[in-house]
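Here is the file model.txt (compact mmCIF, C-alpha atoms).
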# COMPACT_ATOMS: atom_id res chain seq x y z
CA MET A 1 158.25 48.96 -38.03
CA SER A 2 160.27 48.92 -41.24
CA VAL A 3 158.37 49.72 -44.43
CA THR A 4 161.24 49.62 -46.98
CA LYS A 5 165.00 49.48 -46.63
CA GLY A 6 166.20 52.76 -45.21
CA LEU A 7 162.75 53.99 -44.24
CA SER A 8 161.33 53.46 -40.80
CA ILE A 9 158.94 55.05 -38.42
CA GLU A 10 159.79 55.17 -34.76
CA LEU A 11 157.25 55.97 -32.13
CA LYS A 12 158.78 57.16 -28.92
CA ILE A 13 157.07 57.71 -25.64
CA ASN A 14 159.07 59.88 -23.34
CA SER A 15 159.43 58.98 -19.71
CA GLY A 16 156.94 61.71 -18.73
CA LEU A 17 154.13 60.06 -20.70
CA ALA A 18 154.98 56.58 -19.45
CA GLU A 19 154.88 57.86 -15.88
CA MET A 20 151.67 59.77 -16.49
CA LEU A 21 149.95 56.74 -18.08
CA SER A 22 150.91 54.54 -15.17
CA LYS A 23 149.82 57.09 -12.57
CA ASN A 24 147.27 59.51 -14.03
CA GLY A 25 146.76 59.12 -17.75
CA ILE A 26 144.45 56.16 -17.81
CA ASP A 27 142.61 57.46 -14.77
CA ASP A 28 142.21 60.82 -16.50
CA LEU A 29 140.77 59.21 -19.64
CA GLN A 30 138.50 57.00 -17.52
CA LYS A 31 137.21 60.04 -15.62
CA ARG A 32 136.58 61.88 -18.88
CA VAL A 33 134.55 58.97 -20.24
CA LEU A 34 132.61 58.60 -16.99
CA MET A 35 131.99 62.35 -16.89
CA ALA A 36 130.68 62.22 -20.48
CA ALA A 37 128.32 59.40 -19.48
CA ALA A 38 127.12 61.40 -16.47
CA MET A 39 126.57 64.49 -18.61
CA PHE A 40 124.54 62.42 -21.08
CA ILE A 41 122.44 60.71 -18.41
CA THR A 42 121.58 64.05 -16.83
CA GLY A 43 121.06 65.93 -20.10
CA GLN A 44 123.99 68.28 -19.65
CA SER A 45 125.76 67.32 -22.88
CA ARG A 46 125.00 67.96 -26.49
CA GLY A 47 123.49 65.02 -28.28
CA SER A 48 121.49 63.84 -25.30
CA ALA A 49 117.96 64.33 -26.57
CA ASN A 50 116.77 61.12 -24.90
CA VAL A 51 117.98 61.97 -21.42
CA PRO A 52 117.46 58.85 -19.29
CA ILE A 53 116.59 60.61 -16.02
CA ASN A 54 114.12 63.01 -17.65
CA LYS A 55 112.30 60.11 -19.33
CA HIS A 56 111.36 58.72 -15.93
CA PHE A 57 109.07 61.71 -15.37
CA THR A 58 106.99 61.39 -18.55
CA ARG A 59 103.53 59.97 -19.20
CA ASN A 60 104.86 56.78 -20.77
CA ASN A 61 106.96 55.95 -17.71
CA VAL A 62 104.54 53.22 -16.61
CA ALA A 63 104.95 51.25 -19.84
CA HIS A 64 108.60 52.11 -20.45
CA TYR A 65 109.92 51.57 -16.93
CA GLY A 66 107.42 49.02 -15.67
CA PHE A 67 106.26 51.24 -12.83
CA ALA A 68 103.31 49.75 -11.00
CA PRO A 69 100.18 51.79 -11.71
CA LEU A 70 98.78 53.98 -8.97
CA LYS A 71 96.03 52.52 -6.82
CA PRO A 72 92.65 53.69 -8.19
CA VAL A 73 91.66 55.60 -5.05
CA TYR A 74 94.97 57.48 -4.92
CA GLU A 75 94.95 58.08 -8.68
CA ALA A 76 91.49 59.69 -8.48
CA TRP A 77 92.54 61.82 -5.49
CA LYS A 78 95.76 62.90 -7.24
CA ARG A 79 93.88 63.80 -10.43
CA ARG A 80 91.50 66.02 -8.42
CA LYS A 81 94.41 67.69 -6.57
CA VAL A 82 96.98 68.29 -9.36
CA GLY A 83 95.46 67.14 -12.64
CA ASN A 84 96.65 64.38 -14.93
CA LYS A 85 100.37 64.38 -14.11
CA PRO A 86 102.72 61.39 -14.58
CA ILE A 87 103.22 58.94 -11.72
CA LEU A 88 106.44 60.46 -10.34
CA VAL A 89 105.15 64.03 -10.56
CA PHE A 90 102.92 65.61 -7.93
CA SER A 91 104.35 68.99 -6.91
CA GLY A 92 107.32 68.82 -9.27
CA LYS A 93 109.91 68.98 -6.46
CA TRP A 94 111.31 65.50 -7.12
CA LYS A 95 111.42 66.05 -10.88
CA LYS A 96 113.25 69.36 -10.40
CA ALA A 97 115.75 67.82 -7.98
CA ALA A 98 116.31 64.74 -10.14
CA THR A 99 116.83 66.72 -13.33
CA GLN A 100 119.15 69.32 -11.78
CA ASN A 101 122.07 67.22 -10.64
CA ASP A 102 125.42 67.68 -9.02
CA ILE A 103 128.09 65.69 -10.81
CA THR A 104 131.25 65.12 -8.80
CA GLU A 105 134.42 63.11 -9.24
CA ARG A 106 135.51 60.96 -6.35
CA GLY A 107 138.61 58.88 -6.93
CA LYS A 108 137.93 56.67 -9.93
CA LEU A 109 134.18 57.30 -9.72
CA VAL A 110 131.87 59.97 -11.02
CA ARG A 111 128.80 60.46 -8.89
CA ILE A 112 125.44 61.89 -10.00
CA LYS A 113 123.39 63.24 -7.14
CA PRO A 114 120.08 65.11 -7.29
CA LYS A 115 120.10 68.67 -5.99
CA ASN A 116 117.99 69.07 -2.85
CA PRO A 117 115.75 66.00 -3.21
CA PRO A 118 112.56 66.06 -1.17
CA ASN A 119 112.48 63.66 1.77
CA TYR A 120 109.90 61.40 0.08
CA ALA A 121 112.18 60.73 -2.93
CA LYS A 122 113.84 57.84 -1.11
CA TYR A 123 110.45 56.15 -0.74
CA LEU A 124 109.71 56.53 -4.46
CA GLU A 125 113.18 55.21 -5.28
CA LYS A 126 113.17 52.19 -2.94
CA GLY A 127 109.47 51.62 -2.26
CA THR A 128 107.81 50.88 1.07
CA LYS A 129 105.80 48.00 2.51
CA LYS A 130 102.65 49.50 0.98
CA MET A 131 104.06 51.16 -2.17
CA PRO A 132 106.16 49.61 -4.94
CA ALA A 133 109.43 51.25 -5.93
CA ARG A 134 109.28 53.70 -8.83
CA PRO A 135 112.97 54.58 -9.18
CA ALA A 136 113.99 57.66 -11.15
CA TYR A 137 117.68 56.98 -10.56
CA THR A 138 117.77 53.37 -11.68
CA LEU A 139 118.57 53.03 -15.35
CA ASN A 140 116.87 50.23 -17.22
CA ASP A 141 118.48 48.22 -20.03
CA ASP A 142 117.21 50.65 -22.66
CA ASP A 143 118.77 53.59 -20.79
CA ARG A 144 122.08 51.73 -20.54
CA LYS A 145 122.03 50.93 -24.26
CA ASN A 146 121.30 54.57 -25.16
CA THR A 147 124.14 55.70 -22.91
CA MET A 148 126.51 53.20 -24.53
CA ARG A 149 125.46 54.37 -28.03
CA PHE A 150 126.22 57.93 -26.96
CA LEU A 151 129.62 56.86 -25.58
CA ASP A 152 130.45 54.95 -28.77
CA LYS A 153 130.32 58.30 -30.55
CA ALA A 154 131.81 60.37 -27.72
CA ILE A 155 134.86 58.27 -26.78
CA PRO A 156 136.85 58.93 -29.99
CA GLU A 157 136.29 62.67 -29.51
CA ILE A 158 137.34 62.45 -25.85
CA ALA A 159 140.49 60.54 -26.81
CA ASP A 160 141.32 63.03 -29.59
CA LYS A 161 141.01 65.94 -27.17
CA TRP A 162 143.19 64.13 -24.65
CA VAL A 163 145.86 63.48 -27.30
CA GLU A 164 145.72 67.12 -28.48
CA ALA A 165 146.22 68.31 -24.91
CA HIS A 166 149.35 66.17 -24.57
CA GLU A 167 150.63 66.40 -28.16
CA GLY A 168 154.22 67.42 -28.67
CA SER A 169 155.28 67.22 -25.07
CA MET A 170 154.53 63.56 -24.55
CA VAL A 171 154.65 61.68 -27.86
CA SER A 172 157.11 62.10 -30.68
CA VAL A 173 157.20 60.54 -34.13
CA VAL A 174 160.66 60.27 -35.61
CA SER A 175 161.30 59.25 -39.24
CA SER A 176 164.69 58.01 -40.32
Using structure tokens, write down the structure from this file.
Amino acid sequence: MSVTKGLSIELKINSGLAEMLSKNGIDDLQKRVLMAAAMFITGQSRGSANVPINKHFTRNNVAHYGFAPLKPVYEAWKRRKVGNKPILVFSGKWKKAATQNDITERGKLVRIKPKNPPNYAKYLEKGTKKMPARPAYTLNDDDRKNTMRFLDKAIPEIADKWVEAHEGSMVSVVSS
């Protein structure tokens, strides 16, 4: 790009960067963005006050997530047994498992998995013939939007850190 006669800026990408971008670079950036999203969703990153998974275990989960209310007989029994706890909370085992996650990278994917979920979690997540699903691991549109808002702010920082890590050795700016 020539600005004035005798002044130009040349951007050179060495062969190492070109090779890395074609093989690993884009994948590395993609993994970093996916990892940031996973950290936000699970509450393991700064700036994630409205952690999507944690919100599933609150009192307003019925209205916010559209969970079917408990059947009156079960609700009365539950209240006598454990008090006035939210729908997904009885002993607290599922909440603990769902909010203490393992985050792993697998190929081009980042997987969020609850630590030691109780055996009944799958029934809450998928439902049964007699009980509607009340999924703690299914993000609704609001959760997706909050995650995207977080990523809108996080991606430039992720990219800057990636560039800093590769600065000097991979990209050179030459003025002539």
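Here the question is which of A:Arg149, A:Leu124, A:Lys95, A:Val163 gets nearest to A:Thr58 using only C-alpha atoms, and that residue is A:Lys95.
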Out of A:Met148, A:Ala36, A:Leu109, A:Leu88, which residue has the shortest atom-to-atom distance to A:Tyr123 when counting all atoms listed in the file? A:Leu88
Write out as a PyMOL selection string each polymer residue whose atoms come within 8 Å of A:Lys115, counting only C-alpha atoms; drop sequence neighbours fewer than 6 positions from it. chain A and resi 97-98+100-102
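As for atom CA of A:Arg80 and atom CA of A:Ala68, they are spaced 20.3 Å apart.
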Counting only C-alpha atoms, closest pick from A:Ala159, A:Ala165, A:Val110, A:Gly83 relative to A:Leu34 is A:Val110
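Ranking A:Ile155, A:Ile112, A:Thr128, A:Pro69 by their shortest atom-to-atom distance to A:Gln44, with all atoms listed in the file included, puts A:Ile112 first.
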Nearest to A:Ile41 by atom-to-atom distance, counting all atoms listed in the file, from A:Glu157, A:Asp143, A:Trp162, A:Trp77: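 Smallest separation from A:Ile41 among the options: A:Asp143.
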Can I get stretch 133-169 of chain A with N, CA and C atoms filled in, as an mmCIF file, keeping the file's coordinate frame?
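Output file selection.cif is given in full below:
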data_model
loop_
_atom_site.group_PDB
_atom_site.id
_atom_site.type_symbol
_atom_site.label_atom_id
_atom_site.label_comp_id
_atom_site.auth_asym_id
_atom_site.auth_seq_id
_atom_site.Cartn_x
_atom_site.Cartn_y
_atom_site.Cartn_z
ATOM 1 N N ALA A 133 108.394 50.304 -5.520
ATOM 2 C CA ALA A 133 109.430 51.250 -5.930
ATOM 3 C C ALA A 133 109.135 51.772 -7.336
ATOM 4 N N ARG A 134 109.390 53.059 -7.511
ATOM 5 C CA ARG A 134 109.280 53.700 -8.830
ATOM 6 C C ARG A 134 110.535 54.556 -8.982
ATOM 7 N N PRO A 135 111.678 53.902 -9.240
ATOM 8 C CA PRO A 135 112.970 54.580 -9.180
ATOM 9 C C PRO A 135 113.269 55.470 -10.390
ATOM 10 N N ALA A 136 113.577 56.713 -10.103
ATOM 11 C CA ALA A 136 113.990 57.660 -11.150
ATOM 12 C C ALA A 136 115.491 57.586 -11.382
ATOM 13 N N TYR A 137 116.224 57.029 -10.442
ATOM 14 C CA TYR A 137 117.680 56.980 -10.560
ATOM 15 C C TYR A 137 118.213 55.591 -10.886
ATOM 16 N N THR A 138 117.344 54.686 -11.255
ATOM 17 C CA THR A 138 117.770 53.370 -11.680
ATOM 18 C C THR A 138 117.575 53.291 -13.187
ATOM 19 N N LEU A 139 118.656 53.102 -13.901
ATOM 20 C CA LEU A 139 118.570 53.030 -15.350
ATOM 21 C C LEU A 139 118.174 51.623 -15.773
ATOM 22 N N ASN A 140 117.237 51.548 -16.710
ATOM 23 C CA ASN A 140 116.870 50.230 -17.220
ATOM 24 C C ASN A 140 117.799 49.851 -18.372
ATOM 25 N N ASP A 141 117.600 48.681 -18.955
ATOM 26 C CA ASP A 141 118.480 48.220 -20.030
ATOM 27 C C ASP A 141 118.472 49.166 -21.220
ATOM 28 N N ASP A 142 117.318 49.709 -21.550
ATOM 29 C CA ASP A 142 117.210 50.650 -22.660
ATOM 30 C C ASP A 142 118.036 51.913 -22.400
ATOM 31 N N ASP A 143 117.974 52.410 -21.170
ATOM 32 C CA ASP A 143 118.770 53.590 -20.790
ATOM 33 C C ASP A 143 120.263 53.287 -20.908
ATOM 34 N N ARG A 144 120.674 52.112 -20.455
ATOM 35 C CA ARG A 144 122.080 51.730 -20.540
ATOM 36 C C ARG A 144 122.526 51.639 -21.999
ATOM 37 N N LYS A 145 121.690 51.053 -22.840
ATOM 38 C CA LYS A 145 122.030 50.930 -24.260
ATOM 39 C C LYS A 145 122.150 52.304 -24.909
ATOM 40 N N ASN A 146 121.223 53.214 -24.601
ATOM 41 C CA ASN A 146 121.300 54.570 -25.160
ATOM 42 C C ASN A 146 122.559 55.290 -24.683
ATOM 43 N N THR A 147 122.917 55.083 -23.431
ATOM 44 C CA THR A 147 124.140 55.700 -22.910
ATOM 45 C C THR A 147 125.361 55.126 -23.615
ATOM 46 N N MET A 148 125.377 53.821 -23.835
ATOM 47 C CA MET A 148 126.510 53.200 -24.530
ATOM 48 C C MET A 148 126.592 53.662 -25.985
ATOM 49 N N ARG A 149 125.454 53.838 -26.649
ATOM 50 C CA ARG A 149 125.460 54.370 -28.030
ATOM 51 C C ARG A 149 126.056 55.767 -28.044
ATOM 52 N N PHE A 150 125.665 56.580 -27.068
ATOM 53 C CA PHE A 150 126.220 57.930 -26.960
ATOM 54 C C PHE A 150 127.737 57.859 -26.759
ATOM 55 N N LEU A 151 128.189 56.970 -25.861
ATOM 56 C CA LEU A 151 129.620 56.860 -25.580
ATOM 57 C C LEU A 151 130.394 56.330 -26.780
ATOM 58 N N ASP A 152 129.785 55.438 -27.565
ATOM 59 C CA ASP A 152 130.450 54.950 -28.770
ATOM 60 C C ASP A 152 130.851 56.100 -29.689
ATOM 61 N N LYS A 153 130.016 57.124 -29.726
ATOM 62 C CA LYS A 153 130.320 58.300 -30.550
ATOM 63 C C LYS A 153 131.230 59.280 -29.814
ATOM 64 N N ALA A 154 131.081 59.369 -28.499
ATOM 65 C CA ALA A 154 131.810 60.370 -27.720
ATOM 66 C C ALA A 154 133.254 59.977 -27.407
ATOM 67 N N ILE A 155 133.527 58.694 -27.212
ATOM 68 C CA ILE A 155 134.860 58.270 -26.780
ATOM 69 C C ILE A 155 135.963 58.673 -27.773
ATOM 70 N N PRO A 156 135.786 58.487 -29.090
ATOM 71 C CA PRO A 156 136.850 58.930 -29.990
ATOM 72 C C PRO A 156 137.143 60.440 -29.862
ATOM 73 N N GLU A 157 136.105 61.230 -29.679
ATOM 74 C CA GLU A 157 136.290 62.670 -29.510
ATOM 75 C C GLU A 157 137.030 62.978 -28.201
ATOM 76 N N ILE A 158 136.667 62.270 -27.147
ATOM 77 C CA ILE A 158 137.340 62.450 -25.850
ATOM 78 C C ILE A 158 138.817 62.090 -25.975
ATOM 79 N N ALA A 159 139.094 60.968 -26.637
ATOM 80 C CA ALA A 159 140.490 60.540 -26.810
ATOM 81 C C ALA A 159 141.266 61.534 -27.669
ATOM 82 N N ASP A 160 140.641 62.035 -28.733
ATOM 83 C CA ASP A 160 141.320 63.030 -29.590
ATOM 84 C C ASP A 160 141.675 64.283 -28.797
ATOM 85 N N LYS A 161 140.743 64.752 -27.981
ATOM 86 C CA LYS A 161 141.010 65.940 -27.170
ATOM 87 C C LYS A 161 142.131 65.682 -26.167
ATOM 88 N N TRP A 162 142.141 64.476 -25.606
ATOM 89 C CA TRP A 162 143.190 64.130 -24.650
ATOM 90 C C TRP A 162 144.546 64.122 -25.345
ATOM 91 N N VAL A 163 144.606 63.530 -26.544
ATOM 92 C CA VAL A 163 145.860 63.480 -27.300
ATOM 93 C C VAL A 163 146.306 64.893 -27.660
ATOM 94 N N GLU A 164 145.370 65.741 -28.138
ATOM 95 C CA GLU A 164 145.720 67.120 -28.480
ATOM 96 C C GLU A 164 146.298 67.861 -27.281
ATOM 97 N N ALA A 165 145.742 67.632 -26.115
ATOM 98 C CA ALA A 165 146.220 68.310 -24.910
ATOM 99 C C ALA A 165 147.636 67.893 -24.542
ATOM 100 N N HIS A 166 148.028 66.683 -24.938
ATOM 101 C CA HIS A 166 149.350 66.170 -24.570
ATOM 102 C C HIS A 166 150.297 66.080 -25.769
ATOM 103 N N GLU A 167 149.846 66.516 -26.932
ATOM 104 C CA GLU A 167 150.630 66.400 -28.160
ATOM 105 C C GLU A 167 151.900 67.228 -28.063
ATOM 106 N N GLY A 168 152.956 66.696 -28.625
ATOM 107 C CA GLY A 168 154.220 67.420 -28.670
ATOM 108 C C GLY A 168 155.067 67.194 -27.443
ATOM 109 N N SER A 169 154.478 67.356 -26.292
ATOM 110 C CA SER A 169 155.280 67.220 -25.070
ATOM 111 C C SER A 169 155.425 65.768 -24.632
#
